[in-house]
>>> print(open('data-v5.cif').read())   # mmCIF, C-alpha atoms
data_start
loop_
_atom_site.label_atom_id
_atom_site.label_comp_id
_atom_site.auth_asym_id
_atom_site.auth_seq_id
_atom_site.Cartn_x
_atom_site.Cartn_y
_atom_site.Cartn_z
CA MET A 1 -45.53 37.55 -36.75
CA PRO A 2 -48.19 34.85 -36.12
CA THR A 3 -50.47 35.37 -33.13
CA ALA A 4 -52.48 33.10 -30.87
CA VAL A 5 -54.95 32.96 -27.98
CA ILE A 6 -54.65 30.27 -25.29
CA ALA A 7 -57.78 29.16 -23.39
CA ASP A 8 -57.68 26.74 -20.46
CA ASP A 9 -59.41 26.94 -17.09
CA GLU A 10 -56.20 25.86 -15.31
CA ARG A 11 -53.73 28.75 -14.95
CA LEU A 12 -50.72 26.46 -14.58
CA MET A 13 -51.66 24.59 -17.74
CA ARG A 14 -51.87 27.89 -19.66
CA GLU A 15 -48.46 28.85 -18.34
CA GLN A 16 -46.98 25.49 -19.29
CA LEU A 17 -48.35 25.65 -22.84
CA ARG A 18 -47.15 29.24 -23.25
CA ALA A 19 -43.65 28.23 -22.10
CA ARG A 20 -43.53 25.16 -24.34
CA LEU A 21 -44.71 27.16 -27.36
CA ALA A 22 -42.01 29.75 -26.67
CA GLU A 23 -39.44 26.94 -26.84
CA VAL A 24 -40.61 25.36 -30.08
CA TRP A 25 -42.06 28.42 -31.85
CA PRO A 26 -40.42 31.62 -30.52
CA GLU A 27 -41.90 33.71 -33.34
CA LEU A 28 -45.45 33.02 -32.13
CA ALA A 29 -46.95 35.85 -30.06
CA ILE A 30 -49.54 34.91 -27.43
CA VAL A 31 -51.81 37.95 -27.52
CA ALA A 32 -54.36 36.83 -24.90
CA GLU A 33 -55.20 34.09 -22.40
CA ALA A 34 -58.68 32.99 -21.36
CA ARG A 35 -60.02 31.02 -18.40
CA ASN A 36 -63.14 29.71 -20.13
CA GLY A 37 -64.78 29.46 -23.52
CA ARG A 38 -66.65 32.73 -23.21
CA GLU A 39 -63.45 34.65 -22.49
CA ALA A 40 -61.81 32.85 -25.40
CA VAL A 41 -64.48 34.00 -27.84
CA ASP A 42 -64.16 37.59 -26.59
CA ALA A 43 -60.37 37.42 -26.86
CA VAL A 44 -60.50 36.14 -30.45
CA ARG A 45 -62.93 38.86 -31.45
CA ALA A 46 -60.81 41.53 -29.78
CA THR A 47 -57.35 40.43 -30.97
CA LYS A 48 -58.14 38.63 -34.27
CA PRO A 49 -55.37 36.01 -33.86
CA ASP A 50 -54.21 33.48 -36.41
CA LEU A 51 -54.73 30.60 -33.96
CA ALA A 52 -56.80 29.72 -30.90
CA PHE A 53 -55.70 26.93 -28.55
CA LEU A 54 -58.92 25.78 -26.85
CA ASP A 55 -59.21 23.32 -23.98
CA ILE A 56 -62.13 21.04 -24.80
CA ARG A 57 -63.45 20.99 -21.23
CA MET A 58 -63.92 24.46 -19.70
CA PRO A 59 -66.57 26.03 -17.45
CA GLU A 60 -69.31 28.41 -18.67
CA MET A 61 -68.60 27.55 -22.31
CA THR A 62 -66.64 24.49 -23.46
CA GLY A 63 -63.89 24.65 -26.05
CA VAL A 64 -66.25 23.00 -28.52
CA GLU A 65 -68.91 25.68 -27.93
CA ALA A 66 -66.25 28.39 -28.18
CA ALA A 67 -65.01 26.95 -31.49
CA ARG A 68 -68.55 27.06 -32.82
CA ALA A 69 -68.87 30.73 -31.81
CA ILE A 70 -65.46 31.59 -33.27
CA GLY A 71 -66.38 29.94 -36.56
CA GLU A 72 -63.79 30.58 -39.26
CA ALA A 73 -62.27 33.64 -37.60
CA CYS A 74 -59.03 31.73 -36.96
CA HIS A 75 -57.52 28.27 -36.99
CA ILE A 76 -58.51 26.09 -34.04
CA VAL A 77 -56.24 23.79 -32.03
CA PHE A 78 -57.93 21.66 -29.38
CA ILE A 79 -56.26 21.01 -26.01
CA THR A 80 -57.35 17.85 -24.23
CA ALA A 81 -56.29 15.33 -21.61
CA TYR A 82 -58.40 12.67 -23.35
CA HIS A 83 -56.79 10.92 -26.29
CA GLU A 84 -60.10 9.81 -27.82
CA TYR A 85 -61.21 13.41 -28.36
CA ALA A 86 -57.81 14.33 -29.79
CA VAL A 87 -57.78 11.58 -32.41
CA GLU A 88 -61.28 12.44 -33.59
CA ALA A 89 -60.46 16.15 -33.76
CA PHE A 90 -57.35 15.65 -35.85
CA GLU A 91 -58.73 12.98 -38.16
CA SER A 92 -61.89 14.97 -38.78
CA GLY A 93 -60.17 18.07 -40.12
CA ALA A 94 -59.32 20.27 -37.15
CA VAL A 95 -55.96 21.95 -37.53
CA ASP A 96 -54.42 19.79 -34.83
CA TYR A 97 -54.57 18.99 -31.14
CA VAL A 98 -52.38 19.30 -28.06
CA LEU A 99 -52.58 16.38 -25.66
CA LYS A 100 -52.01 17.29 -22.01
CA PRO A 101 -49.34 17.51 -20.77
CA ALA A 102 -47.86 19.36 -23.74
CA GLU A 103 -44.60 17.62 -24.54
CA PRO A 104 -42.02 19.47 -26.70
CA GLU A 105 -41.59 16.59 -29.17
CA ARG A 106 -45.32 16.33 -29.90
CA LEU A 107 -45.71 20.12 -29.94
CA LEU A 108 -43.03 20.37 -32.63
CA LEU A 109 -45.26 18.28 -34.92
CA THR A 110 -48.24 20.50 -34.14
CA VAL A 111 -46.23 23.64 -34.90
CA ALA A 112 -45.02 22.23 -38.22
CA ARG A 113 -48.61 21.54 -39.27
CA LEU A 114 -49.81 24.94 -38.09
CA LYS A 115 -47.14 26.80 -40.04
CA LYS A 116 -48.40 25.15 -43.22
CA ARG A 117 -51.93 26.36 -42.46
CA LEU A 118 -51.04 29.99 -41.78
CA GLY A 119 -52.34 32.24 -44.52
CA THR A 120 -54.99 29.70 -45.58
CA LYS A 121 -58.70 29.84 -44.82
CA PRO A 122 -59.58 28.12 -41.51
CA SER A 123 -61.40 24.81 -41.82
CA ASP A 124 -65.16 24.50 -41.50
CA LEU A 125 -65.47 22.46 -38.30
CA SER A 126 -69.28 22.29 -38.08
CA GLY A 127 -69.48 18.51 -38.60
CA LEU A 128 -66.68 17.77 -36.15
CA LEU A 129 -68.15 20.10 -33.53
CA GLU A 130 -71.48 18.31 -33.68
CA ARG A 131 -69.77 14.98 -33.04
CA LEU A 132 -67.68 16.37 -30.20
CA THR A 133 -70.77 17.96 -28.64
CA ALA A 134 -72.47 14.56 -28.64
CA ARG A 135 -69.33 12.98 -27.14
CA LEU A 136 -69.23 15.54 -24.32
CA ALA A 137 -72.93 15.04 -23.62
CA SER A 138 -72.41 11.28 -23.49
CA ALA A 139 -69.50 11.65 -21.06
CA GLY A 140 -71.53 13.98 -18.88
CA SER A 141 -74.40 11.49 -18.70
CA GLY A 142 -72.10 8.79 -17.38
CA THR A 143 -71.69 6.74 -20.56
CA ASP A 144 -68.32 6.54 -22.33
CA ARG A 145 -66.96 8.57 -19.40
CA GLN A 146 -63.38 9.83 -19.69
CA TYR A 147 -61.52 10.16 -16.38
CA MET A 148 -58.50 12.18 -15.39
CA GLN A 149 -55.20 10.68 -16.56
CA TRP A 150 -52.72 13.37 -15.45
CA ILE A 151 -52.65 15.89 -12.65
CA GLN A 152 -50.64 19.09 -12.49
CA ALA A 153 -49.05 19.70 -9.09
CA SER A 154 -46.56 22.01 -7.40
CA MET A 155 -43.24 20.79 -6.02
CA GLY A 156 -41.54 23.80 -4.49
CA GLN A 157 -41.07 26.28 -7.33
CA GLN A 158 -41.60 23.63 -10.01
CA ILE A 159 -44.74 22.37 -11.72
CA ARG A 160 -44.90 18.63 -12.34
CA MET A 161 -47.28 16.58 -14.48
CA ILE A 162 -48.02 13.37 -12.56
CA PRO A 163 -49.67 10.30 -14.15
CA VAL A 164 -52.72 9.53 -12.04
CA ALA A 165 -51.88 5.81 -12.07
CA GLU A 166 -48.68 6.56 -10.09
CA ILE A 167 -50.51 8.33 -7.26
CA LEU A 168 -50.95 6.35 -4.03
CA PHE A 169 -53.41 8.71 -2.38
CA PHE A 170 -54.74 12.25 -2.09
CA THR A 171 -55.29 13.85 1.30
CA SER A 172 -56.31 17.41 2.03
CA ASP A 173 -56.28 20.08 4.68
CA GLU A 174 -58.16 23.37 4.53
CA LYS A 175 -55.93 24.97 1.89
CA TYR A 176 -54.14 22.32 -0.20
CA THR A 177 -54.53 18.72 -1.31
CA ARG A 178 -51.43 16.56 -0.97
CA VAL A 179 -50.60 14.20 -3.84
CA GLN A 180 -48.49 11.24 -2.70
CA THR A 181 -46.56 8.83 -4.96
CA GLU A 182 -44.08 6.15 -3.89
CA SER A 183 -41.11 8.51 -4.24
CA TYR A 184 -42.36 12.06 -3.68
CA GLU A 185 -45.25 14.29 -2.68
CA ALA A 186 -46.68 17.39 -4.31
CA LEU A 187 -49.48 19.89 -3.71
CA ILE A 188 -52.57 20.93 -5.64
CA ARG A 189 -55.44 23.32 -4.88
CA LYS A 190 -58.22 21.09 -6.25
CA PRO A 191 -60.38 19.88 -3.32
CA ILE A 192 -61.23 16.25 -2.63
CA LYS A 193 -64.89 16.73 -3.57
CA GLU A 194 -63.86 17.79 -7.10
CA LEU A 195 -61.23 15.07 -7.46
CA VAL A 196 -63.80 12.38 -6.64
CA GLU A 197 -65.84 13.45 -9.67
CA GLU A 198 -62.83 13.35 -12.01
CA LEU A 199 -61.18 10.08 -10.93
CA ASP A 200 -62.22 6.60 -12.04
CA PRO A 201 -64.25 5.20 -9.10
CA GLU A 202 -63.04 1.69 -9.95
CA ALA A 203 -59.43 2.78 -9.46
CA PHE A 204 -59.75 5.35 -6.65
CA TRP A 205 -61.88 5.07 -3.50
CA GLN A 206 -62.78 7.87 -1.18
CA ILE A 207 -62.21 6.48 2.34
CA HIS A 208 -62.58 9.70 4.32
CA ARG A 209 -63.95 13.14 3.57
CA ALA A 210 -60.32 14.27 3.22
CA THR A 211 -58.75 11.17 1.62
CA ILE A 212 -58.86 9.27 -1.68
CA VAL A 213 -56.73 6.14 -2.13
CA ASN A 214 -55.57 4.25 -5.21
CA VAL A 215 -57.12 0.78 -4.90
CA ARG A 216 -54.04 -0.88 -6.39
CA ALA A 217 -51.89 0.68 -3.66
CA ILE A 218 -53.84 -0.97 -0.82
CA ALA A 219 -51.91 -3.72 0.94
CA GLY A 220 -54.51 -4.43 3.64
CA ILE A 221 -56.62 -3.15 6.52
CA VAL A 222 -55.69 -3.04 10.21
CA ARG A 223 -57.30 -1.65 13.35
CA ASP A 224 -55.61 0.64 15.84
CA TYR A 225 -56.08 0.53 19.65
CA ARG A 226 -59.17 2.73 19.30
CA GLY A 227 -60.81 0.32 16.88
CA ARG A 228 -60.42 2.55 13.82
CA GLN A 229 -59.82 0.96 10.43
CA LEU A 230 -56.55 1.99 8.81
CA VAL A 231 -55.45 1.33 5.24
CA GLN A 232 -51.95 -0.09 4.87
CA LEU A 233 -50.22 0.83 1.63
CA LYS A 234 -47.79 -1.03 -0.58
CA ASN A 235 -44.34 0.55 -0.63
CA HIS A 236 -45.33 3.36 1.73
CA ALA A 237 -45.28 3.42 5.53
CA GLU A 238 -48.11 5.89 6.13
CA LYS A 239 -51.50 4.49 7.21
CA LEU A 240 -54.76 6.15 6.16
CA GLU A 241 -57.82 6.35 8.38
CA VAL A 242 -61.13 5.00 7.06
CA SER A 243 -64.14 6.93 8.34
CA ARG A 244 -67.36 5.12 9.30
CA ASN A 245 -69.14 6.21 6.13
CA TYR A 246 -66.68 4.22 4.02
CA THR A 247 -66.02 1.07 6.08
CA HIS A 248 -68.40 -0.90 3.83
CA LEU A 249 -65.75 -0.76 1.06
CA PHE A 250 -63.58 -3.16 3.05
CA LYS A 251 -66.08 -5.71 4.36
CA GLN A 252 -64.64 -8.45 2.18
CA MET A 253 -61.03 -7.73 3.15
#
>>> encode(input="data-v5.cif", output="structure tokens")
Amino acid sequence: MPTAVIADDERLMREQLRARLAEVWPELAIVAEARNGREAVDAVRATKPDLAFLDIRMPEMTGVEAARAIGEACHIVFITAYHEYAVEAFESGAVDYVLKPAEPERLLLTVARLKKRLGTKPSDLSGLLERLTARLASAGSGTDRQYMQWIQASMGQQIRMIPVAEILFFTSDEKYTRVQTESYEALIRKPIKELVEELDPEAFWQIHRATIVNVRAIAGIVRDYRGRQLVQLKNHAEKLEVSRNYTHLFKQM
């Protein structure tokens, strides 16, 4: 029976990948899960799996750094939300990649390729890892930056992958952040201050310490009886307050 380790800093994403793998490859046993690259390396050394699914971006140790530490101990599959990384990883000799969110049709192709690799010596990824390290450093310095394209949110007992482009706004209270689209709302635990760093600032503006709005969803600005600026949205009745620190964004409106 083939075995694998899954490493992703988002618990819900690990659960989704585990569930999707169970659908398309029921013979595969997930022997460990890790929340960061360091845990992934320890899990591979402890369980000696055939495969390691590594999210490229993780705290403490990235998936790229973990792959370097794992070496040729097992086959590597990169998990990423950024298509540019995925294409480079696959074309440069990595076993394969999983693009978030993991869709069954695409995962079937990955599984087919992985089955052919089982029993063979894992690839030497040293050249690829050097290029991906440079890419991550470039993104971190603000050049060639890759922004969030999908967000994973809760809707009752279900988990939904929402394209960021469809989101009208994010607004938070002390415990959750609400994700609002034209047709539904969902909840996430990621705070506004973290979302601001992961969203394209050209597409999403923070207008309040608790609110981020999709620029393309803005219909106009009005003032209430107290003189506060409020954002009117296209195709949504709710108005969003603009705090004084962000009124400069709307001077030309």
>>> residues_around(input="data-v5.cif", residues="region 172-175 of chain A", least_positions_apart="2", cutoff="6 Å", atoms="only C-alpha atoms", output="PDB file with C-alpha atoms, in the frame of the given file")
ATOM      1  CA  THR A 177     -54.530  18.720  -1.310  1.00  0.00           C
ATOM      2  CA  ARG A 178     -51.430  16.560  -0.970  1.00  0.00           C
ATOM      3  CA  ALA A 210     -60.320  14.270   3.220  1.00  0.00           C
TER       4      ALA A 210
END
>>> resolve_selection(input="data-v5.cif", expression="the PyMOL selection byres ((chain A and resi 117-131) around 6)", output="JSON, numbers by chain")
{"A": [72, 74, 75, 114, 115, 116, 132, 133, 134]}
>>> write_last_selection(input="data-v5.cif", atoms="C-alpha atoms", output="PDB file, in the coordinates of the input")
ATOM      1  CA  GLU A  72     -63.790  30.580 -39.260  1.00  0.00           C
ATOM      2  CA  CYS A  74     -59.030  31.730 -36.960  1.00  0.00           C
ATOM      3  CA  HIS A  75     -57.520  28.270 -36.990  1.00  0.00           C
ATOM      4  CA  LEU A 114     -49.810  24.940 -38.090  1.00  0.00           C
ATOM      5  CA  LYS A 115     -47.140  26.800 -40.040  1.00  0.00           C
ATOM      6  CA  LYS A 116     -48.400  25.150 -43.220  1.00  0.00           C
ATOM      7  CA  LEU A 132     -67.680  16.370 -30.200  1.00  0.00           C
ATOM      8  CA  THR A 133     -70.770  17.960 -28.640  1.00  0.00           C
ATOM      9  CA  ALA A 134     -72.470  14.560 -28.640  1.00  0.00           C
TER      10      ALA A 134
END
>>> atom_distance(input="data-v5.cif", atom1="CA of Gly156 (chain A)", atom2="CA of Ile30 (chain A)")
26.7 Å
>>> residues_around(input="data-v5.cif", residues="Arg18 (chain A)", least_positions_apart="2", cutoff="12 Å", atoms="only C-alpha atoms", output="VMD selection string")
chain A and resid 4 to 8 11 to 16 20 to 26 28 to 33 53 102 to 104 107
>>> write_last_selection(input="data-v5.cif", atoms="C-alpha atoms", output="compact mmCIF listing (two decimals), in the frame of the given file")
# COMPACT_ATOMS: atom_id res chain seq x y z
CA ALA A 4 -52.48 33.10 -30.87
CA VAL A 5 -54.95 32.96 -27.98
CA ILE A 6 -54.65 30.27 -25.29
CA ALA A 7 -57.78 29.16 -23.39
CA ASP A 8 -57.68 26.74 -20.46
CA ARG A 11 -53.73 28.75 -14.95
CA LEU A 12 -50.72 26.46 -14.58
CA MET A 13 -51.66 24.59 -17.74
CA ARG A 14 -51.87 27.89 -19.66
CA GLU A 15 -48.46 28.85 -18.34
CA GLN A 16 -46.98 25.49 -19.29
CA ARG A 20 -43.53 25.16 -24.34
CA LEU A 21 -44.71 27.16 -27.36
CA ALA A 22 -42.01 29.75 -26.67
CA GLU A 23 -39.44 26.94 -26.84
CA VAL A 24 -40.61 25.36 -30.08
CA TRP A 25 -42.06 28.42 -31.85
CA PRO A 26 -40.42 31.62 -30.52
CA LEU A 28 -45.45 33.02 -32.13
CA ALA A 29 -46.95 35.85 -30.06
CA ILE A 30 -49.54 34.91 -27.43
CA VAL A 31 -51.81 37.95 -27.52
CA ALA A 32 -54.36 36.83 -24.90
CA GLU A 33 -55.20 34.09 -22.40
CA PHE A 53 -55.70 26.93 -28.55
CA ALA A 102 -47.86 19.36 -23.74
CA GLU A 103 -44.60 17.62 -24.54
CA PRO A 104 -42.02 19.47 -26.70
CA LEU A 107 -45.71 20.12 -29.94
>>> resolve_selection(input="data-v5.cif", expression="the PyMOL selection byres ((chain A and resi 212) around 12)", output="ChimeraX atom specification")
/A:167-172,177-180,191-211,213-215,217-218,231,240-243,246
>>> closest_residue(input="data-v5.cif", among="A:Pro59, A:Pro49, A:Gly227, A:Gly37", to="Phe78 (chain A)", atoms="only C-alpha atoms")
A:Gly37
>>> atom_distance(input="data-v5.cif", atom1="CA of Tyr97 (chain A)", atom2="CA of Lys48 (chain A)")
20.2 Å
>>> atom_distance(input="data-v5.cif", atom1="CA of Asp50 (chain A)", atom2="CA of Thr3 (chain A)")
5.3 Å
>>> closest_residue(input="data-v5.cif", among="A:Arg216, A:Arg68, A:Arg106, A:Arg160", to="Leu233 (chain A)", atoms="all atoms listed in the file")
A:Arg216
>>> resolve_selection(input="data-v5.cif", expression="the PyMOL selection byres ((chain A and resi 61) around 10)", output="short mmCIF file (atom, residue, chain, number, x, y, z; two decimals) with C-alpha atoms, in the frame of the given file")
data_model
loop_
_atom_site.label_atom_id
_atom_site.label_comp_id
_atom_site.auth_asym_id
_atom_site.auth_seq_id
_atom_site.Cartn_x
_atom_site.Cartn_y
_atom_site.Cartn_z
CA ASN A 36 -63.14 29.71 -20.13
CA GLY A 37 -64.78 29.46 -23.52
CA ARG A 38 -66.65 32.73 -23.21
CA GLU A 39 -63.45 34.65 -22.49
CA ALA A 40 -61.81 32.85 -25.40
CA VAL A 41 -64.48 34.00 -27.84
CA ILE A 56 -62.13 21.04 -24.80
CA ARG A 57 -63.45 20.99 -21.23
CA MET A 58 -63.92 24.46 -19.70
CA PRO A 59 -66.57 26.03 -17.45
CA GLU A 60 -69.31 28.41 -18.67
CA THR A 62 -66.64 24.49 -23.46
CA GLY A 63 -63.89 24.65 -26.05
CA VAL A 64 -66.25 23.00 -28.52
CA GLU A 65 -68.91 25.68 -27.93
CA ALA A 66 -66.25 28.39 -28.18
CA ALA A 67 -65.01 26.95 -31.49
#
>>> closest_residue(input="data-v5.cif", among="A:Ala165, A:Ala46, A:Met155, A:Leu17", to="Ala186 (chain A)", atoms="all atoms listed in the file")
A:Met155
>>> closest_residue(input="data-v5.cif", among="A:Ile188, A:Ala43, A:Val77, A:Leu249", to="Asp55 (chain A)", atoms="only C-alpha atoms")
A:Val77
>>> residues_near_point(input="data-v5.cif", point="(-57.2, 14.9, -15.8)", cutoff="9 Å", atoms="all atoms listed in the file", output="PyMOL selection string")
chain A and resi 80-82+100+146-152+163-164+198-199
>>> write_last_selection(input="data-v5.cif", atoms="C-alpha atoms", output="PDB file, keeping the file's coordinate frame")
ATOM      1  CA  THR A  80     -57.350  17.850 -24.230  1.00  0.00           C
ATOM      2  CA  ALA A  81     -56.290  15.330 -21.610  1.00  0.00           C
ATOM      3  CA  TYR A  82     -58.400  12.670 -23.350  1.00  0.00           C
ATOM      4  CA  LYS A 100     -52.010  17.290 -22.010  1.00  0.00           C
ATOM      5  CA  GLN A 146     -63.380   9.830 -19.690  1.00  0.00           C
ATOM      6  CA  TYR A 147     -61.520  10.160 -16.380  1.00  0.00           C
ATOM      7  CA  MET A 148     -58.500  12.180 -15.390  1.00  0.00           C
ATOM      8  CA  GLN A 149     -55.200  10.680 -16.560  1.00  0.00           C
ATOM      9  CA  TRP A 150     -52.720  13.370 -15.450  1.00  0.00           C
ATOM     10  CA  ILE A 151     -52.650  15.890 -12.650  1.00  0.00           C
ATOM     11  CA  GLN A 152     -50.640  19.090 -12.490  1.00  0.00           C
ATOM     12  CA  PRO A 163     -49.670  10.300 -14.150  1.00  0.00           C
ATOM     13  CA  VAL A 164     -52.720   9.530 -12.040  1.00  0.00           C
ATOM     14  CA  GLU A 198     -62.830  13.350 -12.010  1.00  0.00           C
ATOM     15  CA  LEU A 199     -61.180  10.080 -10.930  1.00  0.00           C
TER      16      LEU A 199
END
>>> build_atoms(input="data-v5.cif", residues="region 61-78 of chain A", atoms="N, CA and C atoms", output="mmCIF file, in the coordinates of the input")
data_model
loop_
_atom_site.group_PDB
_atom_site.id
_atom_site.type_symbol
_atom_site.label_atom_id
_atom_site.label_comp_id
_atom_site.auth_asym_id
_atom_site.auth_seq_id
_atom_site.Cartn_x
_atom_site.Cartn_y
_atom_site.Cartn_z
ATOM 1 N N MET A 61 -68.491 27.899 -20.900
ATOM 2 C CA MET A 61 -68.600 27.550 -22.310
ATOM 3 C C MET A 61 -67.436 26.628 -22.643
ATOM 4 N N THR A 62 -67.715 25.439 -23.152
ATOM 5 C CA THR A 62 -66.640 24.490 -23.460
ATOM 6 C C THR A 62 -65.825 24.975 -24.653
ATOM 7 N N GLY A 63 -64.684 24.324 -24.876
ATOM 8 C CA GLY A 63 -63.890 24.650 -26.050
ATOM 9 C C GLY A 63 -64.627 24.370 -27.339
ATOM 10 N N VAL A 64 -65.458 23.327 -27.328
ATOM 11 C CA VAL A 64 -66.250 23.000 -28.520
ATOM 12 C C VAL A 64 -67.265 24.116 -28.795
ATOM 13 N N GLU A 65 -67.944 24.586 -27.756
ATOM 14 C CA GLU A 65 -68.910 25.680 -27.930
ATOM 15 C C GLU A 65 -68.199 26.954 -28.355
ATOM 16 N N ALA A 66 -67.012 27.201 -27.794
ATOM 17 C CA ALA A 66 -66.250 28.390 -28.180
ATOM 18 C C ALA A 66 -65.832 28.307 -29.644
ATOM 19 N N ALA A 67 -65.403 27.117 -30.084
ATOM 20 C CA ALA A 67 -65.010 26.950 -31.490
ATOM 21 C C ALA A 67 -66.180 27.226 -32.414
ATOM 22 N N ARG A 68 -67.363 26.807 -32.003
ATOM 23 C CA ARG A 68 -68.550 27.060 -32.820
ATOM 24 C C ARG A 68 -68.815 28.572 -32.924
ATOM 25 N N ALA A 69 -68.648 29.282 -31.800
ATOM 26 C CA ALA A 69 -68.870 30.730 -31.810
ATOM 27 C C ALA A 69 -67.782 31.465 -32.597
ATOM 28 N N ILE A 70 -66.571 30.970 -32.538
ATOM 29 C CA ILE A 70 -65.460 31.590 -33.270
ATOM 30 C C ILE A 70 -65.616 31.378 -34.768
ATOM 31 N N GLY A 71 -66.159 30.230 -35.146
ATOM 32 C CA GLY A 71 -66.380 29.940 -36.560
ATOM 33 C C GLY A 71 -65.071 29.865 -37.322
ATOM 34 N N GLU A 72 -64.986 30.592 -38.421
ATOM 35 C CA GLU A 72 -63.790 30.580 -39.260
ATOM 36 C C GLU A 72 -62.953 31.828 -39.070
ATOM 37 N N ALA A 73 -63.053 32.431 -37.880
ATOM 38 C CA ALA A 73 -62.270 33.640 -37.600
ATOM 39 C C ALA A 73 -60.786 33.352 -37.469
ATOM 40 N N CYS A 74 -60.444 32.122 -37.061
ATOM 41 C CA CYS A 74 -59.030 31.730 -36.960
ATOM 42 C C CYS A 74 -58.948 30.213 -36.959
ATOM 43 N N HIS A 75 -57.737 29.711 -37.070
ATOM 44 C CA HIS A 75 -57.520 28.270 -36.990
ATOM 45 C C HIS A 75 -57.689 27.806 -35.539
ATOM 46 N N ILE A 76 -58.254 26.633 -35.371
ATOM 47 C CA ILE A 76 -58.510 26.090 -34.040
ATOM 48 C C ILE A 76 -57.571 24.929 -33.743
ATOM 49 N N VAL A 77 -57.013 24.918 -32.535
ATOM 50 C CA VAL A 77 -56.240 23.790 -32.030
ATOM 51 C C VAL A 77 -56.885 23.368 -30.719
ATOM 52 N N PHE A 78 -57.300 22.122 -30.604
ATOM 53 C CA PHE A 78 -57.930 21.660 -29.380
ATOM 54 C C PHE A 78 -56.882 21.163 -28.378
#
